[in-house]
Amino acid sequence: MGAESDRVARFGRLEHGLRQAGDWYRWGPYVSERQWGTVREDYSADGNAWDYLPHDHARSRAYRWGEDGMAGFCDIEQRLCLSLALWNGRDPILKERAFGLTGPQGNHGEDVKEYWWYLDAIPSHAWNRWRYHYPQGEFPYQDLIDTNARRDRYEPEYELLDTGAFDEDRYWITEVVYAKAGPDDLLMSIQVTNKGPEAETLHVLPTAWFRNTWSWGDDGTRPSLRAAGDRSVLIEHPITGTMELIAAAGPDGAGPRLLFCENETNLVRLDNAAPITAYPKDGINDHVVHGAPTVNPERTGTKCSFWYEITVPAGGTTELRLRLRPAVEGRSSAADALGDDYDRVVAGRRGEADEFYAELTPAGAGADEALVLRQASAGMLWSKQLFYYDVDRWLDGDPGQPTPPAERLTGRNAKWRNFNGFDIISMPDKWEYPWFAAWDLAFHTVPLAHLDPAFAKYQLILVCREWFQSPNGALPAYEWDFGDVNPPVHAWAALQIFAIDGARDFDFLSRVFDKLLVNFTWWVNRQDAGDKNVFEGGFLGLDNIGPIDRSHLPDGYTLQQSDATGWMGAYAAAMGAIAAILQWSGKRQGRDLVVKFLEHFAGIRKALEKQGLWDDADGLFYDRLITPSGQAVPIKVHSMVGIIPVLAALVIDGDLLQNAMDMNKGFMRFLQHEGLSDMEKLVETAQLRGDDAGRRLLLSVARPNQLERLFAKLFDESEFLSPHGLRALSAYHREHPYQFDAEGYHSSIDYEPAESTTSMFGGNSNWRGPIWMPVNYMVVESLERYHRFYGDDYQLEYPTGSGRRLPLDRIIADLQDRLISLFTNDAHGRRPCFGGTERMQTDPDWHDNLIFSEYFHGDNGAAIGAFHQTGWTGLVADLILRRHGAVKSVGDVARELIEKVTS
């Protein structure tokens, strides 16, 4: 490989999927931050994953389906893992993995109780940087459990900063940098800074281990780690090959000590049973913390640590260095490998990362926006994880292992035996959500498309592959219940990727389209119970947005959903757009399919009118509950449920429009069905350009008069519009709680700008007021389509009641600014996402380490929910690029494509 192509590979400009990923992708941050408490590791009869394998068991039990660790790196099949363990000399256990509360423990559901950040990364992971703050006093595990247990859902979560663990700056700043000298030559730098007022001692244990692949009946080959010197470990594995892990001496020139055990379950501790080995998985923990004889004196095993014990003066910093590389006879000494050559590689990779983001950052973006863009991108890249889950094997059990409880065969995911995942997947949050979710993943692909288009495409194709997608066409929703239903946003995401990548990969678009045809048919056949183009689907990713649990209705009740119907309108529009693009490109004959989806679209639009989901008095769409007696009761909640139909809009440009009218009888029948018999009725004239009028057709599920009413609600600061984006539930319900009563079915809802007060969906989600990035992003993107059709002559009062009328492009810009402002410094140097957490607002060691949380306070923008849900909150990276004109819209790309074809 030449120098330039080698550099391109490191930057991640791939043109193939993961199975053909370049060599530089062979090692990456593919290790989860929580494998315990997951469905995959749950072999209980009742499906209580949190209790079957809790945090207290994690250090002692060998995992079946994956691994976890802090700042973890591994090979692409997760055979060999590398991560960091720490001990402050006071904790009862080593800090090998992040601690958090389970769903039942937290007063608002599961919640991690640690502080770490993804500061930097490039797509091939030739450069990755991670930061963690570790208390010097005993970590308050029990205090966090007990205090949160005493709090109810009307009180905020009790966080690690609230415990006083960081008082007087008594904590360690730990930074881990990975840099690659070659595809299989990985440098690991660990820098620890003593922020406290006195000299302190820290135990640092960089750890390598093999995922246990030998205990489950397929492969009895046991790989090995063995000491090859005082600071060197020889690694032998039939797949990863023979490698060596070398470490530099400690700051005093001594150490580290090499410790070895096995990645095997400690049956004595967990089950009071005969041991598999005297040196189980927690052997290093027990030896360091308690002095137990639980490490192998022969210095061999399947898990090992370099044990550094370092004393650092107040304010001082110490660096430790390791290098993982193929073992080669006659190679240069470890001293050379960890000295000047090490410095050269680290400096080179840092420079390449700076170059990568300098190229990505748009002109006009300020330094703070550049920081947000870079850390959001880093979070997207750090959030990759090996996801391994063979449902067939999980249900039936492994050879030589106890048979799983019979209840599994009719329980969770029992109908998804086709699912057999073993891939690198972008995760919503590697601690709170260390499993993919179908609609989350679609949103992830948008910012990823700017960083690594091939990986973004691969993610979208992967979820549609036959080992993921059900034979009936359904897409798996998420690990806790593959059979649940997420919004069908994948065709929309495919169009976004296609546009971001330069509108050139028609093969990708065609491949996705074929699989989504099957999924669209599943939606039409399975989720439209009345065959009326009014769709159901349950919670549809919006969890507790309504007063009732939309996924678990009482017997005899049916829910007609405005959002499901709106999502399907948007799905039909996106599929029609893809079919049209493929037709224009000459890649396939798609004219009949264009008409098919336009007809679906028209049917959905008419259904919304005929079925009474629109409330003209309130200017919103509402769900309707059909009771056992046949009564249709509207659920009059001002929420995003009633706004989703705005997303279903498609603009057809004049050239394609005229071509379709001239050549396609089916399209003419569709127009006549709509009462549009000629071009005069059909086409509105947009802005004049020279002597030509740009003719185009707007197809929108919401009628023009409905759009204006909806926008008036959406842009009202007493309803949806907040200083930092659009609320999921209108603040109208702050003063007007909604009471629902239908034939004895009682419920209520009010505006909750922060944590949820309901246990619905585990209590860890709240769509009852906060700002959620994905729906905000889709509203902004749909407004771009409306502006493309209407132009600057179409103006709306913004904000509603202000008396100021603005064209849509200026409204779009303001919404983008509001969303970006969640993370950037305001006039007082405060970041809204940090809320009232003063240390994060004022301490320079915390202030520029950003949080991309699950959602944000509906009034002040404070970050809430999962701490690292960069997955869809990472959309802010795309918003920054769009705000500065660095991204073309799908409509602009399509128009350019038409012009090329017609010319």
# chains A, B, ... in the order shown; residues from 1 in each chain; ligands from 1

$ residues_around --residues "region 24-36 of chain A" --least-positions-apart "4" --cutoff "8 Å" --atoms "only C-alpha atoms" --output "PyMOL selection string"
chain A and resi 9-10+41+50+53-55+58+63+66-76+78+81+97-98+124-126+182-184+382-386+424+430-432+434

$ residues_around --residues "region 353-364 of chain A" --least-positions-apart "4" --cutoff "7 Å" --atoms "only C-alpha atoms" --output "ChimeraX atom specification"
/A:122,127,349,370,374,881,884,886

$ write_last_selection --atoms "C-alpha atoms" --output "compact mmCIF listing (two decimals), in the first residue's frame"
# COMPACT_ATOMS: atom_id res chain seq x y z
CA ILE A 122 -11.09 8.92 13.51
CA TRP A 127 -6.44 7.50 16.81
CA ARG A 349 -1.78 10.15 14.37
CA ALA A 370 -15.84 22.88 16.11
CA ARG A 374 -15.46 16.86 16.94
CA LEU A 881 -22.62 21.17 9.01
CA HIS A 884 -22.96 26.45 7.70
CA ALA A 886 -21.75 22.19 4.19

$ select_by_dssp --residues "region 362-507 of chain A" --states "helix (DSSP H, G or I)" --output "PyMOL selection string"
chain A and resi 367-382+391-396+406-410+438-451+453-462+490-500+506-507

$ residues_around --residues "Ala249 (chain A)" --least-positions-apart "6" --cutoff "8 Å" --atoms "only C-alpha atoms" --output "PyMOL selection string"
chain A and resi 231+255-256+320

$ closest_residue --among "A:Asn418, A:Leu897, A:Glu755, A:Asp817" --to "Tyr154 (chain A)" --atoms "only C-alpha atoms"
A:Glu755

$ residues_around --residues "Ser802 (chain A)" --least-positions-apart "3" --cutoff "10 Å" --atoms "only C-alpha atoms" --output "PyMOL selection string"
chain A and resi 716-717+797-799+805

$ write_last_selection --atoms "C-alpha atoms" --output "short mmCIF file (atom, residue, chain, number, x, y, z; two decimals), in the first residue's frame"
data_model
loop_
_atom_site.label_atom_id
_atom_site.label_comp_id
_atom_site.auth_asym_id
_atom_site.auth_seq_id
_atom_site.Cartn_x
_atom_site.Cartn_y
_atom_site.Cartn_z
CA ASP A 716 -45.55 28.70 19.95
CA GLU A 717 -43.21 29.21 22.92
CA GLU A 797 -45.29 34.05 12.29
CA TYR A 798 -42.25 32.99 14.28
CA PRO A 799 -42.41 32.62 17.20
CA ARG A 805 -43.17 36.77 9.93
#
